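Student: Dropping the structure in here first, questions after.
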Amino acid sequence: MNPTPAFTLVQAAEASFPSEFGQFRIYGFEGHFRVTKADGTETEIVEEAAVLAMGDLRGGMDAEEKSPLLRIHSQCLTGDAFHSLRCDCRAQLEIAFRRIGAEGRGLIIYELQEGRGIGLMNKLRAYELQDRGADTVEANEQLGFESDLRSYLLPGAILQHLGIRSVRLLSNNPGKVKAVEDAGVTVADRVPCIAEPVDTSEAYLRTKRDKMGHLFDQV
């Protein structure tokens, strides 16, 4: 997807959200994109995200005050809900929850971009190709996709909407650092979000490190 500059952010909902990690506020956001298709016509695409926010998030520019923690997390049904051990997604999400809960301050932007943007059914087709020997990047390419189709325009707009000027980003992905900074938000620190590898995730993690530039050396 190559969105044009025509983009509208809509806050759809806000509510109290008690969790085992502490008390959050949950927000629903929609990003409305005008996209030009191959035939020259335009269509609107709506991208959704849920945001879990804890504490006062607007500080951090003062040298004496830490910026809030931020995790931008892409939906992973197989990991987050089904406890898959093919990836480290659920483990990273839980690391973020624990860190934010311990500090009492931070936010998680949960984007509905399954399979690095290719969707659930294509992600499962990619699993099938991986079972035949492809790595996670090769599987996406064999299905006709780039290795990562995600756009981070929506998280950037959400940070601006919430008045957040500086964050400590919980991520191993340098692309997310760039996306946050491109949105005009200072990344005061990149905080590693590294899950302990298991036998079934080691090849996946090596591919993220070696082919996608993710920053860790645990595998």
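As shown in the structure tokens, the chain order sets the letters A, B, ...; within each chain, residues go from 1, and ligands are also counted from 1 in the order they appear.
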Would you give me, as a list of chain:residue names, the residues in stretch 70-148 of chain A that DSSP reads as strand (DSSP E or B)?
Tutor: A:Leu70, A:Arg71, A:Ile72, A:His73, A:Ser74, A:Gly106, A:Leu107, A:Ile108, A:Ile109, A:Tyr110, A:Glu111
Student: Find the residues near stretch 65-70 of chain A: any atom within 9 Å, counting only C-alpha atoms, skip ones fewer than 2 places away on the same chain, and give them as a PyMOL selection string.
Tutor: chain A and resi 55-63+72+96+99-100+103+105-109+164-171+187-189+191
Student: How would the residues just picked look written out with N, CA and C atoms as a PDB file, in the first residue's frame?
Tutor:
```
ATOM      1  N   GLY A  55      -0.680   6.068  32.741  1.00  0.00           N
ATOM      2  CA  GLY A  55       0.040   7.174  33.347  1.00  0.00           C
ATOM      3  C   GLY A  55       0.087   8.409  32.472  1.00  0.00           C
ATOM      4  N   ASP A  56       0.867   9.401  32.917  1.00  0.00           N
ATOM      5  CA  ASP A  56       1.041  10.659  32.204  1.00  0.00           C
ATOM      6  C   ASP A  56       2.095  10.465  31.119  1.00  0.00           C
ATOM      7  N   LEU A  57       1.712  10.647  29.863  1.00  0.00           N
ATOM      8  CA  LEU A  57       2.584  10.335  28.734  1.00  0.00           C
ATOM      9  C   LEU A  57       3.204  11.559  28.087  1.00  0.00           C
ATOM     10  N   ARG A  58       2.916  12.742  28.569  1.00  0.00           N
ATOM     11  CA  ARG A  58       3.306  13.944  27.828  1.00  0.00           C
ATOM     12  C   ARG A  58       4.654  14.509  28.249  1.00  0.00           C
ATOM     13  N   GLY A  59       5.277  13.962  29.275  1.00  0.00           N
ATOM     14  CA  GLY A  59       6.570  14.461  29.722  1.00  0.00           C
ATOM     15  C   GLY A  59       7.708  13.845  28.929  1.00  0.00           C
ATOM     16  N   GLY A  60       8.922  13.999  29.474  1.00  0.00           N
ATOM     17  CA  GLY A  60      10.069  13.336  28.879  1.00  0.00           C
ATOM     18  C   GLY A  60      11.039  14.230  28.174  1.00  0.00           C
ATOM     19  N   MET A  61      10.641  15.467  27.873  1.00  0.00           N
ATOM     20  CA  MET A  61      11.583  16.366  27.209  1.00  0.00           C
ATOM     21  C   MET A  61      12.527  17.008  28.226  1.00  0.00           C
ATOM     22  N   ASP A  62      12.131  17.019  29.491  1.00  0.00           N
ATOM     23  CA  ASP A  62      12.999  17.508  30.559  1.00  0.00           C
ATOM     24  C   ASP A  62      14.055  16.453  30.853  1.00  0.00           C
ATOM     25  N   ALA A  63      15.300  16.852  30.962  1.00  0.00           N
ATOM     26  CA  ALA A  63      16.394  15.897  31.167  1.00  0.00           C
ATOM     27  C   ALA A  63      16.240  15.108  32.454  1.00  0.00           C
ATOM     28  N   ILE A  72       5.276  -0.415  19.694  1.00  0.00           N
ATOM     29  CA  ILE A  72       4.429  -0.518  18.511  1.00  0.00           C
ATOM     30  C   ILE A  72       4.406  -1.990  18.129  1.00  0.00           C
ATOM     31  N   ALA A  96       6.728  -5.943  26.993  1.00  0.00           N
ATOM     32  CA  ALA A  96       6.272  -4.549  26.999  1.00  0.00           C
ATOM     33  C   ALA A  96       5.260  -4.309  28.112  1.00  0.00           C
ATOM     34  N   ARG A  99       7.124  -4.270  31.494  1.00  0.00           N
ATOM     35  CA  ARG A  99       7.949  -3.078  31.682  1.00  0.00           C
ATOM     36  C   ARG A  99       7.083  -1.854  31.974  1.00  0.00           C
ATOM     37  N   ILE A 100       6.023  -1.694  31.204  1.00  0.00           N
ATOM     38  CA  ILE A 100       5.139  -0.545  31.394  1.00  0.00           C
ATOM     39  C   ILE A 100       4.419  -0.630  32.730  1.00  0.00           C
ATOM     40  N   GLU A 103       6.752   0.343  35.561  1.00  0.00           N
ATOM     41  CA  GLU A 103       7.020   1.777  35.636  1.00  0.00           C
ATOM     42  C   GLU A 103       5.772   2.595  35.907  1.00  0.00           C
ATOM     43  N   ARG A 105       3.766   3.677  33.616  1.00  0.00           N
ATOM     44  CA  ARG A 105       3.700   4.731  32.605  1.00  0.00           C
ATOM     45  C   ARG A 105       4.181   4.195  31.267  1.00  0.00           C
ATOM     46  N   GLY A 106       3.399   4.410  30.220  1.00  0.00           N
ATOM     47  CA  GLY A 106       3.794   3.972  28.894  1.00  0.00           C
ATOM     48  C   GLY A 106       2.587   3.630  28.047  1.00  0.00           C
ATOM     49  N   LEU A 107       2.852   3.235  26.808  1.00  0.00           N
ATOM     50  CA  LEU A 107       1.736   2.881  25.937  1.00  0.00           C
ATOM     51  C   LEU A 107       2.138   1.801  24.938  1.00  0.00           C
ATOM     52  N   ILE A 108       1.123   1.054  24.525  1.00  0.00           N
ATOM     53  CA  ILE A 108       1.263   0.031  23.491  1.00  0.00           C
ATOM     54  C   ILE A 108       0.315   0.393  22.362  1.00  0.00           C
ATOM     55  N   ILE A 109       0.862   0.558  21.165  1.00  0.00           N
ATOM     56  CA  ILE A 109       0.045   0.755  19.971  1.00  0.00           C
ATOM     57  C   ILE A 109      -0.030  -0.591  19.260  1.00  0.00           C
ATOM     58  N   ILE A 164       2.317  13.294  22.518  1.00  0.00           N
ATOM     59  CA  ILE A 164       3.540  12.652  23.010  1.00  0.00           C
ATOM     60  C   ILE A 164       4.724  13.149  22.182  1.00  0.00           C
ATOM     61  N   ARG A 165       5.709  13.731  22.836  1.00  0.00           N
ATOM     62  CA  ARG A 165       6.829  14.363  22.132  1.00  0.00           C
ATOM     63  C   ARG A 165       8.113  13.555  22.191  1.00  0.00           C
ATOM     64  N   SER A 166       8.200  12.625  23.152  1.00  0.00           N
ATOM     65  CA  SER A 166       9.440  11.864  23.333  1.00  0.00           C
ATOM     66  C   SER A 166       9.094  10.514  23.934  1.00  0.00           C
ATOM     67  N   VAL A 167       9.761   9.452  23.458  1.00  0.00           N
ATOM     68  CA  VAL A 167       9.478   8.103  23.935  1.00  0.00           C
ATOM     69  C   VAL A 167      10.771   7.317  24.097  1.00  0.00           C
ATOM     70  N   ARG A 168      10.677   6.257  24.879  1.00  0.00           N
ATOM     71  CA  ARG A 168      11.693   5.207  24.884  1.00  0.00           C
ATOM     72  C   ARG A 168      11.055   4.023  24.178  1.00  0.00           C
ATOM     73  N   LEU A 169      11.587   3.678  23.018  1.00  0.00           N
ATOM     74  CA  LEU A 169      10.929   2.720  22.141  1.00  0.00           C
ATOM     75  C   LEU A 169      11.378   1.301  22.444  1.00  0.00           C
ATOM     76  N   LEU A 170      10.421   0.447  22.815  1.00  0.00           N
ATOM     77  CA  LEU A 170      10.677  -0.968  23.067  1.00  0.00           C
ATOM     78  C   LEU A 170      10.658  -1.711  21.739  1.00  0.00           C
ATOM     79  N   SER A 171      11.819  -1.881  21.128  1.00  0.00           N
ATOM     80  CA  SER A 171      11.859  -2.493  19.804  1.00  0.00           C
ATOM     81  C   SER A 171      13.272  -2.925  19.464  1.00  0.00           C
ATOM     82  N   VAL A 187      12.949   9.838  19.758  1.00  0.00           N
ATOM     83  CA  VAL A 187      13.240   8.541  20.374  1.00  0.00           C
ATOM     84  C   VAL A 187      14.428   8.770  21.311  1.00  0.00           C
ATOM     85  N   ALA A 188      14.110   8.985  22.591  1.00  0.00           N
ATOM     86  CA  ALA A 188      15.156   9.277  23.565  1.00  0.00           C
ATOM     87  C   ALA A 188      16.041   8.066  23.807  1.00  0.00           C
ATOM     88  N   ASP A 189      15.483   6.880  23.606  1.00  0.00           N
ATOM     89  CA  ASP A 189      16.245   5.645  23.801  1.00  0.00           C
ATOM     90  C   ASP A 189      15.532   4.526  23.079  1.00  0.00           C
ATOM     91  N   VAL A 191      14.941   0.759  23.582  1.00  0.00           N
ATOM     92  CA  VAL A 191      15.046  -0.235  24.645  1.00  0.00           C
ATOM     93  C   VAL A 191      14.907  -1.618  24.016  1.00  0.00           C
TER      94      VAL A 191
END
```
Student: I'd like the neighbourhood of stretch 126-134 of chain A as a PDB file with N, CA and C atoms, in the first residue's frame, where a residue qualifies if any of its atoms comes within 12 Å (using only C-alpha atoms), though same-chain residues fewer than 4 positions away should be ignored.
Tutor:
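Output file selection-v7.pdb follows:
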```
ATOM      1  N   THR A  78      -1.537 -15.820  15.723  1.00  0.00           N
ATOM      2  CA  THR A  78      -0.965 -17.129  16.050  1.00  0.00           C
ATOM      3  C   THR A  78      -0.085 -17.060  17.297  1.00  0.00           C
ATOM      4  N   SER A  84       1.807 -19.390  19.705  1.00  0.00           N
ATOM      5  CA  SER A  84       2.743 -20.010  18.772  1.00  0.00           C
ATOM      6  C   SER A  84       4.177 -19.840  19.250  1.00  0.00           C
ATOM      7  N   ARG A  86       6.551 -20.355  16.882  1.00  0.00           N
ATOM      8  CA  ARG A  86       7.267 -20.115  15.626  1.00  0.00           C
ATOM      9  C   ARG A  86       7.904 -18.729  15.624  1.00  0.00           C
ATOM     10  N   CYS A  87       7.438 -17.837  16.484  1.00  0.00           N
ATOM     11  CA  CYS A  87       7.883 -16.447  16.479  1.00  0.00           C
ATOM     12  C   CYS A  87       8.058 -15.964  17.915  1.00  0.00           C
ATOM     13  N   GLY A 115       0.890 -10.631  10.000  1.00  0.00           N
ATOM     14  CA  GLY A 115       1.869 -11.190   9.077  1.00  0.00           C
ATOM     15  C   GLY A 115       2.734 -10.149   8.394  1.00  0.00           C
ATOM     16  N   ARG A 116       3.140  -9.105   9.155  1.00  0.00           N
ATOM     17  CA  ARG A 116       3.898  -7.982   8.594  1.00  0.00           C
ATOM     18  C   ARG A 116       3.176  -7.366   7.403  1.00  0.00           C
ATOM     19  N   ILE A 118       0.685  -8.847   5.391  1.00  0.00           N
ATOM     20  CA  ILE A 118       0.157  -9.666   4.288  1.00  0.00           C
ATOM     21  C   ILE A 118      -1.188 -10.310   4.620  1.00  0.00           C
ATOM     22  N   GLY A 119      -1.621 -10.233   5.876  1.00  0.00           N
ATOM     23  CA  GLY A 119      -2.908 -10.806   6.261  1.00  0.00           C
ATOM     24  C   GLY A 119      -2.779 -12.229   6.776  1.00  0.00           C
ATOM     25  N   LEU A 120      -3.823 -12.660   7.477  1.00  0.00           N
ATOM     26  CA  LEU A 120      -3.762 -13.946   8.172  1.00  0.00           C
ATOM     27  C   LEU A 120      -3.643 -15.129   7.217  1.00  0.00           C
ATOM     28  N   MET A 121      -4.477 -15.196   6.165  1.00  0.00           N
ATOM     29  CA  MET A 121      -4.444 -16.367   5.291  1.00  0.00           C
ATOM     30  C   MET A 121      -3.105 -16.471   4.571  1.00  0.00           C
ATOM     31  N   ASN A 122      -2.587 -15.334   4.122  1.00  0.00           N
ATOM     32  CA  ASN A 122      -1.270 -15.377   3.474  1.00  0.00           C
ATOM     33  C   ASN A 122      -0.168 -15.721   4.472  1.00  0.00           C
ATOM     34  N   GLU A 138      11.848 -15.349   2.477  1.00  0.00           N
ATOM     35  CA  GLU A 138      11.664 -16.076   1.219  1.00  0.00           C
ATOM     36  C   GLU A 138      10.211 -16.478   1.025  1.00  0.00           C
ATOM     37  N   ALA A 139       9.537 -16.868   2.098  1.00  0.00           N
ATOM     38  CA  ALA A 139       8.136 -17.284   1.989  1.00  0.00           C
ATOM     39  C   ALA A 139       7.263 -16.125   1.524  1.00  0.00           C
ATOM     40  N   ASN A 140       7.456 -14.940   2.111  1.00  0.00           N
ATOM     41  CA  ASN A 140       6.688 -13.773   1.658  1.00  0.00           C
ATOM     42  C   ASN A 140       6.955 -13.479   0.191  1.00  0.00           C
ATOM     43  N   GLU A 141       8.216 -13.546  -0.198  1.00  0.00           N
ATOM     44  CA  GLU A 141       8.572 -13.241  -1.588  1.00  0.00           C
ATOM     45  C   GLU A 141       7.986 -14.264  -2.548  1.00  0.00           C
ATOM     46  N   GLN A 142       7.968 -15.537  -2.161  1.00  0.00           N
ATOM     47  CA  GLN A 142       7.376 -16.568  -3.018  1.00  0.00           C
ATOM     48  C   GLN A 142       5.878 -16.361  -3.201  1.00  0.00           C
ATOM     49  N   LEU A 143       5.244 -15.694  -2.228  1.00  0.00           N
ATOM     50  CA  LEU A 143       3.818 -15.379  -2.338  1.00  0.00           C
ATOM     51  C   LEU A 143       3.576 -14.073  -3.095  1.00  0.00           C
ATOM     52  N   GLY A 144       4.663 -13.410  -3.512  1.00  0.00           N
ATOM     53  CA  GLY A 144       4.531 -12.195  -4.294  1.00  0.00           C
ATOM     54  C   GLY A 144       4.552 -10.915  -3.485  1.00  0.00           C
ATOM     55  N   PHE A 145       4.986 -10.999  -2.233  1.00  0.00           N
ATOM     56  CA  PHE A 145       5.025  -9.823  -1.357  1.00  0.00           C
ATOM     57  C   PHE A 145       6.462  -9.435  -1.036  1.00  0.00           C
ATOM     58  N   SER A 147       9.214  -8.420   1.956  1.00  0.00           N
ATOM     59  CA  SER A 147       9.391  -9.072   3.265  1.00  0.00           C
ATOM     60  C   SER A 147       8.593  -8.394   4.353  1.00  0.00           C
ATOM     61  N   THR A 200      12.151 -23.782  18.130  1.00  0.00           N
ATOM     62  CA  THR A 200      11.257 -23.568  16.995  1.00  0.00           C
ATOM     63  C   THR A 200      11.261 -22.131  16.489  1.00  0.00           C
ATOM     64  N   SER A 201      11.901 -21.211  17.202  1.00  0.00           N
ATOM     65  CA  SER A 201      11.929 -19.812  16.762  1.00  0.00           C
ATOM     66  C   SER A 201      13.320 -19.346  16.339  1.00  0.00           C
ATOM     67  N   ALA A 203      15.474 -20.108  13.897  1.00  0.00           N
ATOM     68  CA  ALA A 203      15.679 -19.780  12.478  1.00  0.00           C
ATOM     69  C   ALA A 203      14.952 -18.495  12.110  1.00  0.00           C
ATOM     70  N   TYR A 204      13.747 -18.317  12.623  1.00  0.00           N
ATOM     71  CA  TYR A 204      12.970 -17.104  12.375  1.00  0.00           C
ATOM     72  C   TYR A 204      13.711 -15.876  12.894  1.00  0.00           C
ATOM     73  N   THR A 207      16.732 -14.966  10.780  1.00  0.00           N
ATOM     74  CA  THR A 207      16.339 -14.302   9.541  1.00  0.00           C
ATOM     75  C   THR A 207      16.005 -12.842   9.798  1.00  0.00           C
TER      76      THR A 207
END
```
Student: Measuring atom to atom with only C-alpha atoms, identify which of A:Ala50, A:Cys193, A:Leu153, A:Val198 is nearest to A:Lys178.
Tutor: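 Among the listed residues, the smallest separation from A:Lys178 belongs to A:Leu153.
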Student: Which of these, A:Leu85, A:Glu181, A:Phe7, A:Glu196, has the shortest distance to A:Arg34 once you count only C-alpha atoms?
Tutor: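 With only C-alpha atoms as the atom set, the closest residue is A:Phe7.
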Student: What gap, in Å, lies between atom CA of A:Asn173 and atom CA of A:Glu48?
Tutor: 21.1 Å
Student: Could you check how far atom CA of A:Asp135 sits from atom CA of A:Asp80, in Å to one decimal?
Tutor: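 Taking atom CA of A:Asp135 as the start and atom CA of A:Asp80 as the end point, the length is 20.8 Å.
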Student: For atom CA of A:Glu94 and atom CA of A:Asp148, determine how far apart the two atoms are, in Å to one decimal place.
Tutor: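 Going from atom CA of A:Glu94 over to atom CA of A:Asp148, I get 22.6 Å.
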